[in-house]
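File shown: my_file_29.cif (mmCIF, C-alpha atoms and all ligand atoms).
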```
data_input
#
loop_
_atom_site.label_atom_id
_atom_site.label_comp_id
_atom_site.auth_asym_id
_atom_site.auth_seq_id
_atom_site.Cartn_x
_atom_site.Cartn_y
_atom_site.Cartn_z
CA MET A 1 0.00 0.00 0.00
CA PRO A 2 1.47 3.42 -0.90
CA ILE A 3 2.61 5.27 2.17
CA PHE A 4 0.21 8.28 1.75
CA SER A 5 -2.90 6.06 1.57
CA LYS A 6 -1.77 4.27 4.74
CA TYR A 7 -1.64 7.67 6.46
CA ALA A 8 -5.03 8.56 4.99
CA LEU A 9 -6.49 5.34 6.46
CA LEU A 10 -4.92 6.07 9.83
CA ARG A 11 -6.25 9.67 9.75
CA GLY A 12 -9.75 8.34 8.84
CA ALA A 13 -9.71 5.86 11.72
CA ASP A 14 -8.54 8.65 14.02
CA SER A 15 -11.39 10.94 13.07
CA VAL A 16 -13.99 8.14 13.55
CA ARG A 17 -12.48 7.46 17.00
CA ARG A 18 -12.64 11.19 17.94
CA GLN A 19 -16.27 11.43 16.74
CA SER A 20 -17.35 8.41 18.81
CA GLN A 21 -15.51 9.82 21.85
CA ARG A 22 -17.45 13.10 21.43
CA LEU A 23 -20.79 11.23 21.16
CA PHE A 24 -19.93 9.17 24.24
CA ALA A 25 -19.06 12.32 26.21
CA LEU A 26 -22.29 13.99 25.09
CA SER A 27 -24.47 11.06 26.09
CA ASN A 28 -22.70 10.93 29.48
CA ALA A 29 -23.39 14.64 29.92
CA HIS A 30 -27.07 14.12 29.05
CA ALA A 31 -27.36 11.18 31.44
CA SER A 32 -25.83 13.09 34.36
CA ALA A 33 -27.90 16.21 33.53
CA SER A 34 -31.14 14.20 33.65
CA ALA A 35 -30.02 12.46 36.87
CA SER A 36 -29.39 15.81 38.56
CA ALA A 37 -32.59 17.25 37.02
CA ALA A 38 -34.56 14.38 38.55
CA ALA A 39 -33.18 15.43 41.92
CA ARG A 40 -34.35 19.06 41.45
CA PRO A 41 -37.68 19.61 43.22
CA ALA A 42 -38.69 22.53 40.95
CA LEU A 43 -38.44 20.35 37.88
CA SER A 44 -40.33 17.42 39.35
CA GLN A 45 -43.03 19.82 40.61
CA PHE A 46 -43.20 21.31 37.09
CA ARG A 47 -43.57 17.85 35.54
CA ASP A 48 -46.35 17.02 38.04
CA ILE A 49 -48.28 20.21 37.27
CA LEU A 50 -48.08 19.59 33.52
CA SER A 51 -48.97 15.89 33.83
CA LYS A 52 -52.08 16.73 35.85
CA GLN A 53 -53.22 19.13 33.13
CA ILE A 54 -52.58 16.52 30.44
CA THR A 55 -54.58 13.95 32.42
CA GLY A 56 -57.37 16.52 32.85
CA ILE A 57 -57.50 17.08 29.08
CA LYS A 58 -57.58 13.31 28.47
CA ASP A 59 -60.31 12.80 31.11
CA ALA A 60 -62.39 15.53 29.47
CA GLY A 61 -62.12 13.62 26.19
CA THR A 62 -60.57 16.64 24.43
CA TYR A 63 -57.02 15.34 23.97
CA LYS A 64 -56.01 15.87 20.35
CA MET A 65 -54.24 13.00 18.62
CA GLU A 66 -52.27 13.78 15.49
CA ARG A 67 -52.59 11.36 12.61
CA ILE A 68 -49.34 11.07 10.69
CA ILE A 69 -49.66 11.63 6.95
CA THR A 70 -47.01 9.87 4.89
CA SER A 71 -47.78 11.53 1.54
CA SER A 72 -48.04 15.13 0.35
CA GLN A 73 -51.16 17.10 1.27
CA SER A 74 -53.81 16.25 -1.28
CA THR A 75 -57.35 14.98 -1.73
CA GLU A 76 -55.86 11.46 -1.64
CA ILE A 77 -53.38 10.79 1.13
CA THR A 78 -51.70 7.91 2.89
CA VAL A 79 -51.74 7.80 6.66
CA GLU A 80 -49.35 5.97 8.99
CA GLY A 81 -50.87 2.70 10.19
CA THR A 82 -53.19 2.21 7.23
CA GLN A 83 -52.47 0.48 3.95
CA LYS A 84 -54.88 2.09 1.56
CA ARG A 85 -55.08 5.58 0.10
CA ILE A 86 -57.61 7.72 1.90
CA LEU A 87 -59.85 10.46 0.54
CA ASN A 88 -59.15 13.61 2.50
CA PHE A 89 -62.11 15.82 3.41
CA CYS A 90 -60.63 17.81 6.27
CA ALA A 91 -57.85 20.04 4.91
CA ASN A 92 -58.09 23.78 4.24
CA ASN A 93 -56.70 22.94 0.80
CA TYR A 94 -59.75 24.58 -0.81
CA LEU A 95 -58.20 25.02 -4.25
CA GLY A 96 -56.19 21.80 -4.20
CA LEU A 97 -52.95 23.72 -4.77
CA ALA A 98 -50.89 22.30 -1.89
CA ASN A 99 -49.13 19.83 -4.17
CA ASN A 100 -49.89 21.43 -7.53
CA PRO A 101 -46.90 20.70 -9.84
CA GLU A 102 -46.71 24.26 -11.22
CA VAL A 103 -46.62 25.67 -7.70
CA VAL A 104 -44.10 23.12 -6.45
CA ASN A 105 -41.81 23.63 -9.48
CA TYR A 106 -41.81 27.40 -9.11
CA SER A 107 -41.03 26.96 -5.44
CA LYS A 108 -38.03 24.76 -6.36
CA GLU A 109 -36.90 27.31 -8.95
CA LEU A 110 -36.88 30.16 -6.43
CA LEU A 111 -35.26 27.92 -3.83
CA ASP A 112 -32.35 27.46 -6.23
CA LYS A 113 -32.21 31.12 -7.15
CA TYR A 114 -32.80 32.83 -3.77
CA GLY A 115 -31.78 30.17 -1.24
CA ALA A 116 -33.48 28.46 1.68
CA GLY A 117 -34.02 31.52 3.83
CA LEU A 118 -32.92 35.00 4.78
CA SER A 119 -31.53 34.60 8.31
CA SER A 120 -32.86 38.06 8.98
CA VAL A 121 -35.94 40.11 9.71
CA ARG A 122 -37.25 42.18 6.84
CA PHE A 123 -35.77 45.56 7.81
CA ILE A 124 -32.22 44.38 8.47
CA CYS A 125 -31.33 42.28 5.45
CA GLY A 126 -34.39 40.12 4.84
CA THR A 127 -36.22 41.81 1.98
CA GLN A 128 -35.72 40.36 -1.51
CA THR A 129 -37.29 41.46 -4.77
CA ILE A 130 -39.69 38.51 -4.47
CA HIS A 131 -41.10 39.75 -1.13
CA LYS A 132 -41.94 43.08 -2.75
CA GLN A 133 -43.37 41.28 -5.79
CA LEU A 134 -45.67 39.14 -3.67
CA GLU A 135 -46.87 42.12 -1.60
CA LYS A 136 -47.70 43.96 -4.81
CA LYS A 137 -49.63 41.00 -6.21
CA ILE A 138 -51.61 40.56 -2.98
CA ALA A 139 -52.62 44.24 -2.99
CA GLN A 140 -53.54 43.96 -6.67
CA PHE A 141 -55.60 40.79 -6.09
CA HIS A 142 -57.61 42.50 -3.36
CA GLY A 143 -57.74 45.88 -5.15
CA ARG A 144 -55.94 47.59 -2.25
CA GLU A 145 -53.16 50.20 -2.08
CA ASP A 146 -50.51 48.05 -0.42
CA ALA A 147 -49.84 44.85 1.52
CA ILE A 148 -47.40 43.59 4.15
CA LEU A 149 -46.29 39.97 4.63
CA TYR A 150 -46.06 38.12 7.94
CA ALA A 151 -44.89 34.61 8.84
CA SER A 152 -48.55 33.68 9.39
CA CYS A 153 -51.99 35.21 9.62
CA PHE A 154 -51.78 34.54 13.35
CA ASP A 155 -48.90 37.02 13.35
CA ALA A 156 -50.78 39.47 11.11
CA ASN A 157 -53.66 39.43 13.61
CA ALA A 158 -51.30 39.63 16.59
CA GLY A 159 -49.45 42.59 15.09
CA LEU A 160 -52.27 44.78 13.82
CA PHE A 161 -54.38 46.16 16.66
CA GLU A 162 -51.59 47.09 19.04
CA ALA A 163 -49.82 49.01 16.28
CA ILE A 164 -52.80 51.14 15.27
CA LEU A 165 -55.13 51.60 18.27
CA THR A 166 -54.70 53.66 21.43
CA PRO A 167 -56.81 54.00 24.60
CA ASP A 168 -58.77 56.72 22.78
CA ASP A 169 -59.94 54.15 20.22
CA ALA A 170 -62.43 51.28 20.44
CA VAL A 171 -62.57 47.85 18.87
CA PHE A 172 -65.89 46.00 18.38
CA SER A 173 -65.27 42.29 17.94
CA ASP A 174 -67.62 39.39 17.17
CA GLU A 175 -67.57 37.04 20.18
CA LEU A 176 -66.72 34.04 17.96
CA ASN A 177 -63.76 35.61 16.17
CA HIS A 178 -60.67 33.45 15.66
CA ALA A 179 -58.28 32.96 18.59
CA SER A 180 -55.57 35.01 16.86
CA ILE A 181 -57.89 38.02 16.62
CA ILE A 182 -58.81 37.64 20.27
CA ASP A 183 -55.13 37.49 21.23
CA GLY A 184 -54.26 40.44 18.97
CA ILE A 185 -56.98 42.56 20.57
CA ARG A 186 -55.79 41.53 24.05
CA LEU A 187 -52.41 43.04 23.22
CA CYS A 188 -53.78 46.48 22.33
CA LYS A 189 -54.78 49.28 24.66
CA ALA A 190 -58.01 50.25 22.91
CA GLN A 191 -61.44 50.05 24.58
CA LYS A 192 -62.55 46.46 23.98
CA GLN A 193 -66.16 45.68 23.16
CA ARG A 194 -67.52 42.28 22.16
CA TYR A 195 -70.82 41.91 20.33
CA LYS A 196 -72.92 38.75 20.22
CA HIS A 197 -72.14 36.49 17.28
CA ARG A 198 -73.39 38.15 14.08
CA ASP A 199 -75.91 40.14 16.17
CA MET A 200 -76.20 43.45 14.40
CA SER A 201 -78.55 45.08 16.90
CA ASP A 202 -76.02 44.35 19.66
CA LEU A 203 -73.25 45.83 17.51
CA GLU A 204 -75.35 48.91 16.78
CA LYS A 205 -76.12 49.50 20.46
CA GLN A 206 -72.41 49.42 21.25
CA LEU A 207 -71.44 51.69 18.35
CA GLN A 208 -74.18 54.16 19.32
CA SER A 209 -72.89 54.61 22.83
CA SER A 210 -69.20 54.87 21.91
CA THR A 211 -67.38 58.19 21.98
CA ALA A 212 -64.06 56.72 20.84
CA ARG A 213 -61.79 58.55 18.37
CA LEU A 214 -61.45 55.57 15.98
CA LYS A 215 -64.03 52.79 15.99
CA LEU A 216 -62.95 49.51 14.40
CA ILE A 217 -65.43 46.69 13.72
CA VAL A 218 -63.61 43.35 13.61
CA THR A 219 -64.98 40.10 12.25
CA ASP A 220 -64.02 36.83 10.62
CA GLY A 221 -65.31 36.96 7.03
CA VAL A 222 -66.23 33.28 7.33
CA PHE A 223 -66.42 31.51 10.70
CA SER A 224 -64.51 28.27 10.39
CA MET A 225 -66.44 26.08 12.83
CA ASP A 226 -69.86 26.80 11.36
CA GLY A 227 -69.09 27.73 7.76
CA ASN A 228 -71.31 30.78 8.27
CA ILE A 229 -70.61 34.23 6.96
CA ALA A 230 -70.29 37.67 8.53
CA PRO A 231 -73.35 39.86 7.80
CA LEU A 232 -71.16 42.27 5.87
CA PRO A 233 -73.94 44.33 4.20
CA LYS A 234 -75.26 45.33 7.63
CA ILE A 235 -71.75 45.78 9.03
CA VAL A 236 -70.70 48.24 6.32
CA ASP A 237 -74.02 50.11 6.72
CA LEU A 238 -73.43 50.45 10.46
CA ALA A 239 -69.84 51.50 9.80
CA ALA A 240 -71.11 54.26 7.50
CA LYS A 241 -73.80 55.34 9.99
CA TYR A 242 -71.45 55.50 13.00
CA ASP A 243 -68.31 56.49 11.12
CA ALA A 244 -66.44 53.29 11.96
CA LEU A 245 -63.77 51.28 10.12
CA VAL A 246 -64.19 47.61 9.14
CA PHE A 247 -61.64 44.82 9.43
CA ILE A 248 -62.20 41.25 8.18
CA ASP A 249 -60.12 38.10 8.55
CA GLU A 250 -60.40 36.26 5.24
CA CYS A 251 -58.47 33.07 5.98
CA HIS A 252 -61.46 30.92 5.01
CA ALA A 253 -62.43 32.99 1.98
CA THR A 254 -59.43 34.37 0.06
CA GLY A 255 -58.90 32.69 -3.28
CA PHE A 256 -62.11 30.67 -3.48
CA PHE A 257 -65.12 32.42 -1.96
CA GLY A 258 -67.17 34.83 -4.08
CA ALA A 259 -67.48 34.50 -7.87
CA THR A 260 -63.75 35.03 -8.57
CA GLY A 261 -62.35 34.12 -5.16
CA ARG A 262 -62.01 37.69 -3.87
CA GLY A 263 -63.69 36.60 -0.64
CA THR A 264 -66.54 37.72 1.58
CA GLU A 265 -66.70 41.23 0.11
CA GLU A 266 -67.24 39.78 -3.35
CA TYR A 267 -69.71 37.16 -2.09
CA HIS A 268 -71.83 40.03 -0.76
CA ASN A 269 -71.25 42.24 -3.80
CA LEU A 270 -69.37 44.76 -1.69
CA LEU A 271 -65.92 44.81 -3.27
CA GLY A 272 -63.80 47.59 -1.80
CA ARG A 273 -66.09 48.37 1.14
CA VAL A 274 -63.87 46.84 3.83
CA ASP A 275 -60.96 48.95 5.12
CA ILE A 276 -58.49 46.30 6.32
CA ILE A 277 -58.14 42.65 5.25
CA ASN A 278 -55.95 40.05 6.91
CA SER A 279 -55.54 36.63 5.35
CA THR A 280 -53.32 33.58 5.07
CA LEU A 281 -51.19 31.90 2.42
CA GLY A 282 -51.45 28.71 4.49
CA LYS A 283 -54.88 27.51 3.40
CA ALA A 284 -56.29 27.94 -0.13
CA LEU A 285 -53.27 29.84 -1.49
CA GLY A 286 -50.89 26.89 -1.76
CA GLY A 287 -51.09 25.87 1.89
CA ALA A 288 -47.43 26.60 2.72
CA ALA A 289 -47.27 29.39 5.31
CA GLY A 290 -47.48 33.14 5.58
CA GLY A 291 -50.08 35.78 6.22
CA TYR A 292 -50.68 39.39 5.30
CA THR A 293 -52.49 42.63 5.90
CA THR A 294 -53.73 44.64 2.94
CA GLY A 295 -55.34 48.08 3.01
CA PRO A 296 -54.53 51.82 2.91
CA LYS A 297 -50.87 52.64 2.18
CA GLU A 298 -50.43 54.64 5.41
CA LEU A 299 -51.54 51.59 7.40
CA ILE A 300 -49.04 49.30 5.69
CA THR A 301 -46.25 51.87 6.06
CA LEU A 302 -46.96 52.20 9.77
CA LEU A 303 -47.12 48.43 10.29
CA ARG A 304 -43.63 48.10 8.77
CA GLN A 305 -42.44 50.53 11.45
CA LYS A 306 -44.38 49.31 14.47
CA SER A 307 -45.87 45.84 14.10
CA ARG A 308 -43.97 43.55 16.46
CA PRO A 309 -44.35 40.15 14.70
CA TYR A 310 -43.09 41.89 11.51
CA LEU A 311 -40.19 43.69 13.18
CA PHE A 312 -39.02 40.87 15.41
CA SER A 313 -39.47 37.71 13.35
CA ASN A 314 -37.67 36.16 10.41
CA SER A 315 -38.52 37.00 6.82
CA LEU A 316 -40.62 34.52 4.78
CA PRO A 317 -38.38 31.93 3.04
CA PRO A 318 -38.09 32.16 -0.77
CA PRO A 319 -39.81 28.81 -1.57
CA VAL A 320 -42.82 29.96 0.48
CA VAL A 321 -42.85 33.36 -1.21
CA ALA A 322 -42.68 31.55 -4.57
CA THR A 323 -45.78 29.55 -3.69
CA GLY A 324 -47.69 32.76 -2.98
CA ILE A 325 -46.52 34.44 -6.20
CA LYS A 326 -47.43 31.47 -8.39
CA VAL A 327 -50.85 31.03 -6.78
CA MET A 328 -51.65 34.75 -7.06
CA ASP A 329 -50.72 34.61 -10.77
CA MET A 330 -52.95 31.57 -11.28
CA LEU A 331 -55.91 33.19 -9.52
CA MET A 332 -55.59 36.49 -11.36
CA HIS A 333 -55.50 34.59 -14.62
CA SER A 334 -58.48 32.27 -14.11
CA ASP A 335 -61.39 31.70 -11.73
CA GLN A 336 -61.82 28.07 -12.79
CA LEU A 337 -60.68 26.64 -9.45
CA SER A 338 -62.99 28.81 -7.35
CA GLN A 339 -65.88 27.87 -9.67
CA ARG A 340 -65.00 24.23 -9.21
CA VAL A 341 -64.89 24.32 -5.41
CA GLN A 342 -68.25 26.07 -5.49
CA SER A 343 -69.86 23.42 -7.72
CA ASN A 344 -68.37 20.59 -5.59
CA THR A 345 -69.73 22.31 -2.48
CA LYS A 346 -73.21 22.55 -3.96
CA ARG A 347 -73.10 18.89 -5.01
CA PHE A 348 -72.11 17.78 -1.49
CA ARG A 349 -74.52 20.05 0.40
CA ASP A 350 -77.50 19.16 -1.85
CA ALA A 351 -76.92 15.39 -1.68
CA MET A 352 -76.35 15.37 2.08
CA THR A 353 -79.42 17.50 2.77
CA LYS A 354 -81.51 15.28 0.52
CA ALA A 355 -80.27 12.25 2.48
CA GLY A 356 -81.58 13.82 5.68
CA PHE A 357 -78.42 15.28 7.25
CA ILE A 358 -78.35 18.77 8.73
CA ILE A 359 -75.51 20.78 7.20
CA ALA A 360 -74.74 24.08 8.94
CA GLY A 361 -73.38 27.20 7.26
CA GLU A 362 -74.18 28.88 3.97
CA ASN A 363 -72.93 27.85 0.49
CA HIS A 364 -69.40 27.50 1.86
CA PRO A 365 -66.98 24.55 1.38
CA ILE A 366 -66.87 24.23 5.17
CA CYS A 367 -69.82 21.85 5.57
CA PRO A 368 -70.45 20.98 9.23
CA VAL A 369 -72.53 17.78 9.43
CA MET A 370 -74.43 18.37 12.67
CA LEU A 371 -74.65 15.36 15.00
CA GLY A 372 -75.10 16.85 18.48
CA ASP A 373 -73.51 14.18 20.64
CA ALA A 374 -69.70 14.24 21.09
CA ARG A 375 -69.27 10.47 21.29
CA LEU A 376 -71.44 9.97 18.23
CA ALA A 377 -69.28 12.46 16.28
CA SER A 378 -66.12 10.63 17.24
CA ILE A 379 -67.52 7.15 16.41
CA PHE A 380 -68.93 8.50 13.15
CA ALA A 381 -65.52 9.89 12.10
CA ASP A 382 -63.81 6.57 12.92
CA GLN A 383 -66.32 4.62 10.83
CA MET A 384 -65.85 7.05 7.94
CA LEU A 385 -62.09 6.42 8.10
CA SER A 386 -62.65 2.66 7.93
CA ARG A 387 -64.55 3.39 4.69
CA GLY A 388 -61.58 5.37 3.35
CA ILE A 389 -62.89 8.89 4.09
CA TYR A 390 -60.84 11.13 6.37
CA VAL A 391 -63.02 13.56 8.32
CA ILE A 392 -62.76 14.86 11.88
CA GLY A 393 -65.36 15.13 14.64
CA PHE A 394 -65.43 18.43 16.57
CA SER A 395 -66.93 18.65 20.04
CA TYR A 396 -66.82 20.82 23.17
CA PRO A 397 -64.81 22.99 23.93
CA VAL A 398 -64.04 23.68 20.25
CA VAL A 399 -67.80 24.01 19.56
CA PRO A 400 -70.64 24.56 22.08
CA LYS A 401 -71.84 21.60 24.21
CA GLY A 402 -74.46 19.50 22.42
CA LYS A 403 -73.38 20.82 19.02
CA ALA A 404 -70.81 18.20 18.07
CA ARG A 405 -70.32 17.78 14.37
CA ILE A 406 -68.14 16.42 11.62
CA ARG A 407 -66.58 19.27 9.70
CA VAL A 408 -66.26 18.35 6.04
CA GLN A 409 -64.15 20.60 3.84
CA ILE A 410 -64.57 20.47 0.09
CA SER A 411 -61.76 21.14 -2.38
CA ALA A 412 -61.61 22.08 -6.04
CA ALA A 413 -59.34 19.06 -6.44
CA HIS A 414 -62.08 16.59 -5.39
CA THR A 415 -63.61 14.88 -8.37
CA THR A 416 -67.39 14.49 -8.53
CA ASP A 417 -66.75 10.78 -7.87
CA ASP A 418 -64.85 11.69 -4.68
CA VAL A 419 -67.77 13.83 -3.52
CA ASP A 420 -70.31 11.10 -4.34
CA HIS A 421 -68.16 8.51 -2.63
CA ALA A 422 -68.03 10.62 0.56
CA VAL A 423 -71.81 11.15 0.48
CA ALA A 424 -72.38 7.39 0.03
CA ALA A 425 -70.13 6.65 3.03
CA PHE A 426 -71.99 9.27 5.12
CA ILE A 427 -75.32 7.67 4.21
CA ASP A 428 -74.01 4.21 5.02
CA VAL A 429 -72.60 5.21 8.43
CA GLY A 430 -75.53 7.57 9.12
CA ARG A 431 -78.00 4.72 8.66
CA SER A 432 -76.02 2.23 10.72
CA LEU A 433 -75.73 4.77 13.58
CA LYS A 434 -79.39 5.78 13.15
CA VAL A 435 -78.61 9.43 12.40
CA ILE A 436 -80.73 9.25 9.25
CA LYS A 437 -83.42 6.80 8.08
C1 LIG A 501 -59.93 32.67 10.83
C2 LIG A 501 -58.47 32.39 10.98
N1 LIG A 501 -57.62 33.41 11.20
C3 LIG A 501 -56.29 33.21 11.34
C4 LIG A 501 -55.75 31.95 11.26
C5 LIG A 501 -54.27 31.78 11.38
O1 LIG A 501 -53.73 31.59 10.11
P1 LIG A 501 -52.22 31.05 9.94
O2 LIG A 501 -52.32 29.57 9.87
O3 LIG A 501 -51.73 31.69 8.68
O4 LIG A 501 -51.48 31.52 11.14
C6 LIG A 501 -56.58 30.85 11.03
C7 LIG A 501 -56.01 29.48 10.95
O5 LIG A 501 -56.46 28.56 11.57
C8 LIG A 501 -57.98 31.06 10.88
O6 LIG A 501 -58.81 30.04 10.67
#
```

Starting from the file, lay out its structure as structure tokens.
Amino acid sequence: MPIFSKYALLRGADSVRRQSQRLFALSNAHASASASAAARPALSQFRDILSKQITGIKDAGTYKMERIITSSQSTEITVEGTQKRILNFCANNYLGLANNPEVVNYSKELLDKYGAGLSSVRFICGTQTIHKQLEKKIAQFHGREDAILYASCFDANAGLFEAILTPDDAVFSDELNHASIIDGIRLCKAQKQRYKHRDMSDLEKQLQSSTARLKLIVTDGVFSMDGNIAPLPKIVDLAAKYDALVFIDECHATGFFGATGRGTEEYHNLLGRVDIINSTLGKALGGAAGGYTTGPKELITLLRQKSRPYLFSNSLPPPVVATGIKVMDMLMHSDQLSQRVQSNTKRFRDAMTKAGFIIAGENHPICPVMLGDARLASIFADQMLSRGIYVIGFSYPVVPKGKARIRVQISAAHTTDDVDHAVAAFIDVGRSLKVIK
């Protein structure tokens, strides 16, 4: 053996030995750290407190198990522990774009060109041309002056109210608004008023008696548990009457609701009447991640200066930005997908109602199949899965007691056969569990 390759072999063996010594030392350090941690009363008390809470959640029957999906997100998925492919009816993948080849390929292209991430917040060195491009497209899609990106819509909701409202201002929020809106409002110093769910006379009473400088009415465009819609015509009338502003969260509307997917405003024929829109890129718009606020240019400019989740969190990664850009282009070019999700929704709702089920909500791809009893909802969902249909039962505390349901979500990517297959399985299980005749 030539002398240099002998040395190379020796060096290789040496490096393997050093690596295993390091691993051994690390595992020893971990072992002694956990031994001394076990002896620390604060830590064992902490573990006890957490375990009791976990047991409480399990005893209440509200412990959430996570099923492990072994394929990409789609209308047909594979799930760990099952052999067959399963029809998925519980994703927010309303347009079926989560694994769309055009979207995925563009995402790969921009990954190659712009890298995996920015390692920076936007204002330090985290703004690329593609971030500005996407913000422009979002504003254009909604017909607004400007838009600002966040890592999620949760962040957009968390960062809005505190940045724009003071104790002189008041916020009027529907009692069933999304958790992220509730948290965002908690963070601000404005006067906080909650009106009963979609109750316009309650809202009016509160607006009437307010002397606040700015009044902001805040509502989900579509409420995700019930698939019901904010009474926007009345809200914008009240806003005009009492000189208030209107904010809507369009996570369950952007891209697919309304004739061309412009959302709740379009559904109600009120395009342009809402002042501030927050929405997500993590549902219909490719399903990756990201959220945004769109509205008046002064608002967006101020949010870039003051909004904490924007200022203190990393910039959106290029492949995620690419997803948003490609989807926005697709939606501005054609409304075929939003038409398709609407016709699938009608097919499902009509057939299920005809079969005797009660479907809550209005013309929306969120189709809650009302069952009432929590145990029944859970057994129903399990039996649907054994028939190859993936749906989830929702019960208290996510929905009110006695209003358990299975929330079906329709996608543009479902075929009519998929929809019919799901309806047939519902009828089969519904009859065997005596929910319908
Ligand atoms: C109405 C509503 N707002 C906000 C969010 C948060 O969106 P994101 O997943 O982008 O944080 C959700 C998601 O569940 C939602 O349903």

Just want the residues within 6 Å of ligand LIG 501 (chain A), written as a ChimeraX atom specification, counting only C-alpha atoms and all ligand atoms.
/A:152-154,178,180,220,224,249,251,280,282,290-291

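Closest approach to His268 of chain A among A:Lys283, A:Gln128, A:Lys84, A:Val222 is made by A:Val222 (distances from all atoms listed in the file).
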
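Straight-line separation from atom CA of Val104 of chain A to atom CA of Thr78 of chain A: 19.4 Å.
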
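Take atom CA of Ser432 of chain A and atom CA of Ala60 of chain A: the distance between them is 26.7 Å.
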
Interface rows for segment 210-277 of chain A against segment 327-345 of chain A: nearest pair, Å to one decimal, 9 Å, only C-alpha atoms, as a tab-separated table:
```
residue	atom	partner	partner_atom	distance
A:Gly255	CA	A:Leu331	CA	6.9
A:Phe256	CA	A:Ser338	CA	4.4
A:Phe257	CA	A:Ser338	CA	6.8
A:Gly258	CA	A:Ser338	CA	8.0
A:Ala259	CA	A:Gln339	CA	7.1
A:Thr260	CA	A:Asp335	CA	5.2
A:Gly261	CA	A:Ser338	CA	5.8
```

Which residues of segment 107-169 of chain A sit at most 8 Å from segment 312-319 of chain A, using all atoms listed in the file? Give each one's shortest atom pair and distance in Å (one decimal place), in chain and ascending residue order, as a tab-separated table.
```
residue	atom	partner	partner_atom	distance
A:Ser107	CA	A:Pro319	CA	4.5
A:Lys108	CA	A:Pro319	CA	6.5
A:Leu110	CA	A:Pro319	CA	5.8
A:Leu111	CA	A:Pro319	CA	5.2
A:Tyr114	CA	A:Pro318	CA	6.1
A:Gly115	CA	A:Pro318	CA	6.6
A:Ala116	CA	A:Pro317	CA	6.2
A:Gly117	CA	A:Pro317	CA	4.4
A:Leu118	CA	A:Ser315	CA	6.3
A:Ser119	CA	A:Asn314	CA	6.7
A:Ser120	CA	A:Asn314	CA	5.4
A:Val121	CA	A:Asn314	CA	4.4
A:Arg122	CA	A:Ser315	CA	5.3
A:Gly126	CA	A:Ser315	CA	5.5
A:Thr127	CA	A:Ser315	CA	7.2
A:Ile130	CA	A:Pro318	CA	7.5
A:His131	CA	A:Leu316	CA	7.9
A:Leu149	CA	A:Leu316	CA	7.9
A:Tyr150	CA	A:Leu316	CA	7.2
A:Ala151	CA	A:Leu316	CA	5.9
```

What's the 8 Å shell around Ala413 of chain A, counting only C-alpha atoms, without same-chain residues fewer than 6 positions away, as a PyMOL selection string?
chain A and resi 75+94-96+341

Using only C-alpha atoms, what table do you get, as a tab-separated table, when you list each residue of segment 153-264 of chain A with an atom no more than 12 Å from segment 394-402 of chain A, its nearest pair of atoms, and their distance in Å rounded to one decimal, rows by chain then rising number?
```
residue	atom	partner	partner_atom	distance
A:Leu176	CA	A:Val399	CA	10.2
A:His178	CA	A:Val398	CA	11.3
A:Ala179	CA	A:Val398	CA	11.0
A:Phe223	CA	A:Val399	CA	11.7
A:Ser224	CA	A:Val399	CA	10.6
A:Met225	CA	A:Val399	CA	7.2
A:Asp226	CA	A:Val399	CA	8.9
```

To one decimal place in Å, what is the distance between atom CA of Ala288 of chain A and atom CA of Glu66 of chain A?
18.7 Å

Rank nothing, just name the residue among A:Tyr310, A:Asp183, A:Leu165, A:Tyr195 nearest to Lys215 of chain A, using all atoms listed in the file.
A:Leu165

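Of the residues under consideration (A:Leu302, A:Ile54, A:Met65, A:Ile185), A:Leu302 shows the shortest atom-to-atom contact distance to Ala147 of chain A when counting all atoms listed in the file.
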
Polymer residues at most 7 Å from Val103 of chain A, all atoms listed in the file, same-chain spacing of 2 or more positions, as an mmCIF file with C-alpha atoms, in the coordinates of the input:
```cif
data_model
loop_
_atom_site.group_PDB
_atom_site.id
_atom_site.type_symbol
_atom_site.label_atom_id
_atom_site.label_comp_id
_atom_site.auth_asym_id
_atom_site.auth_seq_id
_atom_site.Cartn_x
_atom_site.Cartn_y
_atom_site.Cartn_z
ATOM 1 C CA ASN A 100 -49.890 21.430 -7.530
ATOM 2 C CA PRO A 101 -46.900 20.700 -9.840
ATOM 3 C CA ASN A 105 -41.810 23.630 -9.480
ATOM 4 C CA TYR A 106 -41.810 27.400 -9.110
ATOM 5 C CA SER A 107 -41.030 26.960 -5.440
ATOM 6 C CA THR A 323 -45.780 29.550 -3.690
ATOM 7 C CA LYS A 326 -47.430 31.470 -8.390
ATOM 8 C CA VAL A 327 -50.850 31.030 -6.780
#
```

For Lys346 of chain A, the closest of A:Val419, A:Ala158, A:Val246, A:Ile379 counting only C-alpha atoms is A:Val419

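With only C-alpha atoms as the atoms that count, the minimum distance from Gly295 of chain A to the choices A:Ile276, A:Ala25, A:Ile406, A:Leu238 is reached by A:Ile276.
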
Using only C-alpha atoms: which of A:Gly263, A:Gly159, A:Gly388, A:Gly356 has the shortest distance to Ser307 of chain A
A:Gly159
